[in-house]
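Printed here is my_file-v6.txt (compact mmCIF, C-alpha atoms):
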```
# COMPACT_ATOMS: atom_id res chain seq x y z
CA MET A 1 0.00 0.00 0.00
CA LEU A 2 2.80 2.40 0.93
CA GLU A 3 4.59 1.75 -2.37
CA THR A 4 1.37 2.50 -4.29
CA VAL A 5 0.98 5.81 -2.45
CA LYS A 6 4.60 6.71 -3.21
CA TYR A 7 4.03 5.86 -6.86
CA LEU A 8 0.88 7.98 -7.13
CA MET A 9 2.58 10.90 -5.41
CA GLY A 10 5.75 10.54 -7.44
CA SER A 11 7.85 10.42 -4.29
CA PRO A 12 11.56 10.22 -5.16
CA GLY A 13 13.53 7.08 -4.38
CA PRO A 14 17.23 6.77 -3.50
CA SER A 15 18.22 8.16 -6.92
CA GLY A 16 16.34 11.38 -6.22
CA TYR A 17 13.79 10.58 -8.93
CA GLY A 18 10.38 8.92 -8.93
CA SER A 19 7.38 7.96 -11.05
CA LYS A 20 6.59 11.57 -12.00
CA THR A 21 10.11 12.34 -13.20
CA THR A 22 10.44 13.05 -16.94
CA ALA A 23 13.15 12.15 -19.44
CA GLU A 24 14.17 15.81 -19.64
CA ASP A 25 14.60 15.89 -15.86
CA VAL A 26 17.02 12.97 -15.70
CA THR A 27 19.10 13.97 -18.72
CA ALA A 28 19.70 17.42 -17.26
CA ALA A 29 22.22 15.81 -14.91
CA ALA A 30 24.10 14.17 -17.77
CA ALA A 31 24.12 17.44 -19.69
CA ALA A 32 25.50 19.26 -16.65
CA ALA A 33 28.20 16.64 -16.14
CA CYS A 34 29.67 16.84 -19.66
CA SER A 35 28.08 20.01 -21.09
CA ASP A 36 25.88 17.92 -23.42
CA LEU A 37 25.72 14.58 -25.20
CA ARG A 38 27.31 15.75 -28.45
CA CYS A 39 30.04 13.15 -28.00
CA ILE A 40 27.41 10.37 -27.95
CA THR A 41 26.00 8.28 -30.80
CA ALA A 42 22.84 6.35 -29.95
CA ILE A 43 20.74 3.73 -31.69
CA VAL A 44 17.12 3.72 -30.48
CA THR A 45 14.81 1.01 -31.79
CA GLY A 46 11.07 1.70 -31.88
CA ALA A 47 11.65 5.45 -32.05
CA THR A 48 8.78 6.33 -34.39
CA SER A 49 6.18 6.62 -31.62
CA GLY A 50 5.55 6.49 -27.90
CA ILE A 51 8.36 5.99 -25.41
CA GLY A 52 10.97 5.45 -28.12
CA ALA A 53 10.08 8.70 -29.88
CA GLU A 54 10.36 10.64 -26.63
CA THR A 55 13.65 8.94 -25.78
CA ALA A 56 15.06 9.92 -29.17
CA ARG A 57 13.71 13.47 -28.89
CA VAL A 58 15.29 14.07 -25.50
CA LEU A 59 18.64 12.57 -26.51
CA ALA A 60 18.63 14.85 -29.55
CA MET A 61 17.77 17.80 -27.33
CA ARG A 62 20.90 17.03 -25.31
CA GLY A 63 23.01 16.88 -28.47
CA ALA A 64 23.34 13.15 -29.18
CA ARG A 65 23.72 11.86 -32.71
CA LEU A 66 20.84 9.46 -33.44
CA VAL A 67 20.42 6.39 -35.59
CA LEU A 68 16.77 5.44 -35.95
CA PRO A 69 16.07 1.95 -37.27
CA ALA A 70 12.53 1.47 -38.53
CA ARG A 71 10.36 -1.06 -40.34
CA THR A 72 8.42 1.83 -41.88
CA LEU A 73 10.90 4.35 -43.24
CA LYS A 74 8.20 6.98 -43.83
CA ALA A 75 7.41 7.01 -40.10
CA ALA A 76 11.11 7.26 -39.25
CA GLU A 77 11.61 10.15 -41.67
CA GLU A 78 8.67 11.93 -40.04
CA THR A 79 10.28 11.42 -36.63
CA LYS A 80 13.55 12.78 -38.02
CA ALA A 81 11.74 15.82 -39.42
CA ARG A 82 10.06 16.54 -36.07
CA ILE A 83 13.39 16.34 -34.27
CA ALA A 84 15.06 18.58 -36.86
CA ALA A 85 12.26 21.14 -36.56
CA GLU A 86 12.60 21.28 -32.79
CA PHE A 87 16.38 21.02 -32.68
CA PRO A 88 17.94 22.46 -35.85
CA GLY A 89 21.32 20.92 -36.46
CA ALA A 90 20.42 17.60 -34.86
CA GLU A 91 22.20 14.73 -36.61
CA VAL A 92 19.79 11.88 -37.33
CA PHE A 93 20.28 8.83 -39.54
CA VAL A 94 17.40 6.60 -40.65
CA LEU A 95 18.00 2.97 -41.61
CA PRO A 96 15.57 0.13 -42.42
CA LEU A 97 15.09 -2.61 -39.81
CA ASP A 98 12.43 -5.23 -39.20
CA LEU A 99 13.33 -6.79 -35.86
CA SER A 100 11.17 -9.84 -36.53
CA SER A 101 13.48 -10.76 -39.43
CA LEU A 102 16.97 -12.02 -38.64
CA SER A 103 18.13 -11.23 -42.18
CA SER A 104 16.87 -7.66 -41.77
CA VAL A 105 18.78 -7.35 -38.49
CA ARG A 106 21.96 -8.48 -40.24
CA CYS A 107 21.38 -6.02 -43.10
CA PHE A 108 20.83 -3.18 -40.65
CA ALA A 109 24.02 -4.01 -38.76
CA SER A 110 25.97 -4.15 -42.02
CA ARG A 111 24.59 -0.79 -43.14
CA PHE A 112 25.32 0.81 -39.78
CA LEU A 113 28.88 -0.52 -39.68
CA SER A 114 29.48 0.78 -43.20
CA LEU A 115 28.82 4.30 -41.91
CA ARG A 116 31.89 3.91 -39.66
CA LEU A 117 30.19 5.74 -36.82
CA PRO A 118 31.04 5.21 -33.17
CA LEU A 119 28.35 3.66 -30.96
CA ASN A 120 27.95 4.65 -27.33
CA LEU A 121 24.32 3.82 -26.61
CA LEU A 122 22.14 0.96 -27.80
CA ILE A 123 18.56 1.31 -26.59
CA ASN A 124 16.55 -1.82 -27.39
CA ASN A 125 13.13 -0.25 -27.00
CA ALA A 126 10.93 -1.58 -29.81
CA GLY A 127 8.05 -3.77 -28.70
CA ARG A 128 5.13 -5.65 -30.18
CA PHE A 129 2.03 -7.29 -28.72
CA SER A 130 0.57 -9.83 -31.15
CA TYR A 131 -3.07 -10.54 -30.31
CA ASP A 132 -3.19 -13.45 -32.74
CA ARG A 133 -0.74 -16.24 -33.30
CA ALA A 134 1.79 -15.42 -35.99
CA LEU A 135 5.22 -16.66 -36.93
CA SER A 136 8.13 -14.61 -38.20
CA GLU A 137 9.78 -15.41 -41.53
CA ASP A 138 12.30 -17.42 -39.48
CA GLY A 139 9.54 -19.56 -37.98
CA VAL A 140 9.57 -17.99 -34.49
CA GLU A 141 6.51 -16.76 -32.57
CA MET A 142 6.16 -13.13 -33.64
CA THR A 143 6.12 -11.38 -30.25
CA PHE A 144 9.23 -13.25 -29.09
CA ALA A 145 10.97 -12.70 -32.42
CA THR A 146 10.37 -8.94 -32.39
CA ASN A 147 10.73 -8.09 -28.70
CA TYR A 148 13.63 -10.36 -27.87
CA LEU A 149 15.34 -12.44 -30.55
CA GLY A 150 15.88 -9.57 -33.01
CA HIS A 151 17.34 -7.44 -30.24
CA PHE A 152 19.55 -10.31 -29.09
CA LEU A 153 21.09 -10.59 -32.56
CA LEU A 154 21.29 -6.82 -33.04
CA THR A 155 23.19 -6.44 -29.76
CA LYS A 156 25.54 -9.29 -30.64
CA LEU A 157 26.39 -7.80 -34.03
CA LEU A 158 27.09 -4.34 -32.61
CA LEU A 159 28.88 -5.37 -29.42
CA GLU A 160 32.44 -5.16 -30.75
CA THR A 161 31.78 -1.69 -32.17
CA MET A 162 30.49 -0.55 -28.79
CA ALA A 163 33.52 -2.01 -27.00
CA GLU A 164 35.89 -0.37 -29.49
CA THR A 165 34.10 2.99 -29.18
CA ALA A 166 34.44 2.83 -25.40
CA ARG A 167 38.16 1.97 -25.68
CA ALA A 168 38.86 4.76 -28.14
CA SER A 169 36.78 7.47 -26.46
CA GLY A 170 37.15 6.58 -22.80
CA ILE A 171 33.37 6.98 -22.51
CA GLU A 172 31.43 4.08 -21.02
CA GLY A 173 29.09 2.41 -23.48
CA ARG A 174 25.61 1.51 -22.30
CA ILE A 175 23.03 -1.00 -23.51
CA VAL A 176 19.48 -0.52 -22.26
CA ASN A 177 16.89 -3.27 -22.74
CA VAL A 178 13.31 -2.06 -22.30
CA SER A 179 11.30 -4.80 -20.60
CA SER A 180 8.10 -4.59 -18.54
CA GLY A 181 6.85 -5.46 -15.09
CA ILE A 182 4.66 -7.95 -16.94
CA HIS A 183 7.75 -10.18 -17.21
CA GLY A 184 6.77 -11.47 -13.76
CA TRP A 185 3.55 -12.91 -15.18
CA PHE A 186 5.47 -15.79 -16.77
CA SER A 187 6.96 -18.68 -14.86
CA GLY A 188 8.01 -22.16 -15.87
CA ASP A 189 10.20 -23.61 -18.61
CA MET A 190 10.29 -20.74 -21.09
CA LEU A 191 12.08 -22.61 -23.88
CA ARG A 192 9.69 -25.55 -23.75
CA TYR A 193 6.73 -23.14 -23.73
CA LEU A 194 8.11 -21.18 -26.69
CA ASP A 195 8.71 -24.37 -28.63
CA MET A 196 5.15 -25.56 -27.97
CA LEU A 197 3.73 -22.12 -28.77
CA THR A 198 5.61 -21.89 -32.06
CA SER A 199 4.72 -25.43 -33.10
CA LYS A 200 1.03 -24.84 -32.21
CA LYS A 201 0.98 -27.60 -29.59
CA ILE A 202 -0.79 -25.30 -27.15
CA ALA A 203 -3.42 -22.56 -27.45
CA TYR A 204 -2.10 -19.08 -28.08
CA ASP A 205 -2.20 -16.74 -25.08
CA ALA A 206 -1.18 -13.25 -26.22
CA THR A 207 -0.50 -11.90 -22.74
CA LYS A 208 1.60 -14.89 -21.74
CA ALA A 209 3.55 -14.68 -25.00
CA TYR A 210 4.25 -11.00 -24.31
CA ALA A 211 5.29 -11.75 -20.72
CA LEU A 212 7.66 -14.44 -22.01
CA SER A 213 9.35 -12.00 -24.38
CA LYS A 214 9.76 -9.44 -21.60
CA LEU A 215 11.21 -12.06 -19.24
CA ALA A 216 13.67 -12.92 -22.00
CA ASN A 217 14.72 -9.24 -22.11
CA VAL A 218 15.60 -9.31 -18.41
CA LEU A 219 17.46 -12.63 -18.63
CA HIS A 220 19.33 -11.38 -21.70
CA THR A 221 20.48 -8.37 -19.69
CA LYS A 222 21.75 -10.58 -16.89
CA ALA A 223 23.73 -12.87 -19.20
CA LEU A 224 24.98 -9.97 -21.34
CA ALA A 225 26.36 -8.13 -18.31
CA GLU A 226 28.37 -11.22 -17.38
CA ARG A 227 29.82 -11.52 -20.87
CA LEU A 228 30.73 -7.85 -21.01
CA LYS A 229 32.58 -8.29 -17.73
CA GLU A 230 34.43 -11.32 -19.11
CA MET A 231 35.37 -9.30 -22.22
CA GLY A 232 36.75 -6.51 -20.07
CA ALA A 233 34.63 -4.10 -22.11
CA ASN A 234 33.84 -0.67 -20.74
CA VAL A 235 30.19 -1.27 -21.62
CA THR A 236 27.26 -1.89 -19.27
CA ALA A 237 23.91 -3.58 -19.83
CA ASN A 238 20.80 -2.83 -17.79
CA CYS A 239 17.08 -3.40 -18.10
CA VAL A 240 14.14 -1.09 -17.42
CA HIS A 241 10.42 -1.21 -16.73
CA PRO A 242 9.04 2.07 -18.14
CA GLY A 243 5.76 1.92 -16.25
CA ILE A 244 2.17 1.75 -17.41
CA VAL A 245 1.47 4.09 -20.29
CA ARG A 246 -0.97 4.06 -23.17
CA THR A 247 1.07 3.83 -26.36
CA ARG A 248 0.51 2.47 -29.88
CA LEU A 249 1.40 -0.98 -28.51
CA ILE A 250 -2.33 -1.52 -27.82
CA ARG A 251 -3.58 0.30 -30.93
CA ASP A 252 -5.20 -2.85 -32.37
CA ARG A 253 -7.65 -2.89 -29.46
CA ASP A 254 -8.74 0.75 -29.42
CA GLY A 255 -12.44 1.06 -28.67
CA PHE A 256 -14.96 1.71 -25.91
CA ILE A 257 -13.82 -1.07 -23.55
CA THR A 258 -10.14 -0.20 -23.91
CA ASP A 259 -10.89 3.51 -23.47
CA LEU A 260 -12.97 2.79 -20.36
CA LEU A 261 -10.28 0.63 -18.77
CA PHE A 262 -7.64 3.27 -19.37
CA LEU A 263 -9.94 5.98 -17.97
CA LEU A 264 -10.46 3.96 -14.78
CA ALA A 265 -6.72 3.32 -14.50
CA SER A 266 -5.71 6.87 -15.44
CA ARG A 267 -4.28 7.65 -12.01
CA LEU A 268 -1.82 4.80 -12.46
CA LEU A 269 -0.79 5.74 -16.00
CA LYS A 270 2.35 7.68 -16.77
CA THR A 271 2.66 10.30 -19.44
CA ILE A 272 5.03 9.38 -22.25
CA PRO A 273 7.72 11.83 -21.00
CA GLN A 274 7.48 10.13 -17.59
CA ALA A 275 7.58 6.65 -19.15
CA ALA A 276 10.75 7.52 -21.07
CA ALA A 277 12.49 8.76 -17.93
CA THR A 278 13.85 5.43 -16.67
CA THR A 279 15.32 4.56 -20.08
CA CYS A 280 17.03 7.95 -20.30
CA TYR A 281 18.19 7.74 -16.68
CA VAL A 282 19.86 4.38 -17.21
CA ALA A 283 21.29 5.47 -20.58
CA THR A 284 22.82 8.78 -19.49
CA HIS A 285 23.00 9.44 -15.77
CA PRO A 286 26.54 9.72 -14.35
CA ALA A 287 25.46 8.05 -11.08
CA LEU A 288 25.18 4.73 -12.93
CA GLN A 289 28.79 4.61 -14.07
CA GLY A 290 29.90 0.97 -13.86
CA VAL A 291 26.46 -0.33 -12.87
CA SER A 292 25.53 -3.39 -14.95
CA GLY A 293 23.14 -6.31 -14.98
CA LYS A 294 20.47 -4.48 -12.98
CA TYR A 295 16.74 -3.88 -13.35
CA PHE A 296 15.25 -0.40 -12.93
CA ALA A 297 11.77 1.05 -12.46
CA ASP A 298 10.80 4.67 -11.81
CA CYS A 299 14.47 5.66 -12.20
CA ASN A 300 15.54 3.49 -9.28
CA GLU A 301 17.02 0.03 -9.03
CA ALA A 302 14.29 -2.54 -8.39
CA ALA A 303 13.95 -6.27 -7.91
CA PRO A 304 12.83 -8.29 -10.95
CA SER A 305 10.80 -11.48 -10.59
CA LYS A 306 12.29 -14.66 -9.17
CA SER A 307 12.35 -16.20 -12.65
CA ALA A 308 14.23 -13.18 -13.98
CA SER A 309 16.93 -13.63 -11.33
CA ASP A 310 17.72 -17.21 -12.36
CA GLY A 311 21.30 -17.30 -13.65
CA GLN A 312 20.93 -20.82 -15.02
CA ALA A 313 17.84 -19.82 -17.00
CA ALA A 314 19.74 -16.81 -18.37
CA SER A 315 22.57 -19.07 -19.56
CA GLN A 316 20.12 -21.54 -21.10
CA LEU A 317 18.32 -18.78 -22.96
CA TRP A 318 21.62 -17.38 -24.23
CA ARG A 319 22.71 -20.73 -25.66
CA ALA A 320 19.32 -21.31 -27.26
CA SER A 321 19.37 -17.80 -28.74
CA GLU A 322 22.83 -18.36 -30.20
CA ALA A 323 21.52 -21.51 -31.88
CA MET A 324 18.34 -19.82 -33.13
CA THR A 325 20.22 -16.88 -34.66
CA ALA A 326 23.01 -18.92 -36.27
CA GLU A 327 22.94 -18.09 -39.99
CA LYS A 328 22.50 -21.68 -41.15
CA ALA A 329 19.84 -22.44 -38.57
CA ALA A 330 18.07 -19.11 -38.12
CA GLY A 331 14.93 -19.43 -36.04
CA ARG A 332 15.16 -23.18 -35.50
CA PHE A 333 15.03 -24.51 -32.00
CA PRO A 334 18.02 -26.50 -30.79
CA GLU A 335 17.39 -30.21 -30.56
CA LYS A 336 15.90 -31.13 -27.19
CA SER A 337 15.56 -27.43 -26.37
CA GLN A 338 13.68 -28.29 -23.21
CA GLU A 339 16.88 -29.77 -21.77
CA ILE A 340 19.21 -26.88 -22.58
```
Turn the structure described in the file into structure tokens.
Amino acid sequence: MLETVKYLMGSPGPSGYGSKTTAEDVTAAAAAACSDLRCITAIVTGATSGIGAETARVLAMRGARLVLPARTLKAAEETKARIAAEFPGAEVFVLPLDLSSLSSVRCFASRFLSLRLPLNLLINNAGRFSYDRALSEDGVEMTFATNYLGHFLLTKLLLETMAETARASGIEGRIVNVSSGIHGWFSGDMLRYLDMLTSKKIAYDATKAYALSKLANVLHTKALAERLKEMGANVTANCVHPGIVRTRLIRDRDGFITDLLFLLASRLLKTIPQAAATTCYVATHPALQGVSGKYFADCNEAAPSKSASDGQAASQLWRASEAMTAEKAAGRFPEKSQEI
């Protein structure tokens, strides 16, 4: 009850920020620490609307160079135009990317690397909620493919560039995976469930599929932080829960019932600038120098679910993801995936 009251009031936590903090608020500290973010290049997925668009806008406001991957280039160009209108001189690149397609992820990475740009920030923000069962072109359940597997491969392909940028610049690189508190709604053997879901051996549950993908984001962060440490890379990886906000993620279910539910829950909803705050805090705030493998909510470190804290599950998911994204076996489950 006390935590709910604190949330509704926006009471600050140990970081000095709370649920009512905005992305502009938290990036002011980063701007003050190094004048601005003009030395930073950031990739932000899902930046054409909602939380991603606000994240990109605020980073541009602070001077960061942006790379905006997008499935719909027209939407990305419109985002670029809005940023340029508000912040003349902002440097924004637009590149095609469909995160549900492993070949598209590889093409994006190749195009980005050909630009020979540094890379300081990778914000894996894009998300999808598939109400109906669908498979990606690689044969993977669509929500999992878009929210997790595409980001897993994208991060892997850009990791060396991030490590090299950090070595050359002396500036810590940061990877931010945007998850959700809904990750705690899934428990059990996630690889077995995904295999059964993809092969249509069980009924499709959209919410459970979404929760699975968000749990995978948290476990990815945990395993990635360990590997970055082993590499000796000056790059951190953390995960965030942005909070409850009405974005285009639920656009397929707009209507009277949806509108009524959101009206009743309006006191719990964040504005988009508030929802983007935790992402921007973790991506830019100087207080998080060296902090890696953690989960954040309302701009403060928080505890993820028990399943999300399972190191063995994180390792299992990593190995399965490596197998699923291998070029000659893209999307296919490893043999006996339930035993991995």
Spatial neighbours of Ser110 of chain A, 10 Å, only C-alpha atoms, chain gap at least 6 places, as an MDAnalysis selection string | chainID A and resid 104 157:158
Store the residues picked out above, limited to C-alpha atoms, as a short mmCIF file (atom, residue, chain, number, x, y, z; two decimals), keeping the file's coordinate frame.
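Written out: again-v1.cif:
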```cif
data_model
loop_
_atom_site.label_atom_id
_atom_site.label_comp_id
_atom_site.auth_asym_id
_atom_site.auth_seq_id
_atom_site.Cartn_x
_atom_site.Cartn_y
_atom_site.Cartn_z
CA SER A 104 16.87 -7.66 -41.77
CA LEU A 157 26.39 -7.80 -34.03
CA LEU A 158 27.09 -4.34 -32.61
#
```
With all atoms listed in the file as the basis for distance, which of A:Ser11, A:Leu212, A:Tyr148, A:Leu288 is at the shortest distance from Arg192 of chain A?
->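 Going through A:Ser11, A:Leu212, A:Tyr148, A:Leu288 one by one, the smallest distance to Arg192 of chain A is for A:Leu212.
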For Leu215 of chain A, the nearest of the candidates A:Trp185, A:Tyr193, A:Tyr17, A:Phe93, counting only C-alpha atoms | A:Trp185
Give me the residues within 10 Å of Pro273 of chain A as a ChimeraX atom specification, counting only C-alpha atoms and dropping any in the same chain fewer than 6 places off.
-> /A:20-25,50-51,53-55,58,245
Who sits within 10 Å of Met190 of chain A, all atoms listed in the file, same chain under 5 positions skipped, as a list in words |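 The neighbour list is Asp195, Met196, Ala209, Leu212, Ser213, Leu215, Ala216, Ser307, Ala313, Gln316, Leu317 and Gln338 of chain A.
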Which distance in Å separates atom CA of Thr41 of chain A and atom CA of Ala166 of chain A, to one decimal?
->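 These atoms are spaced 11.4 Å apart.
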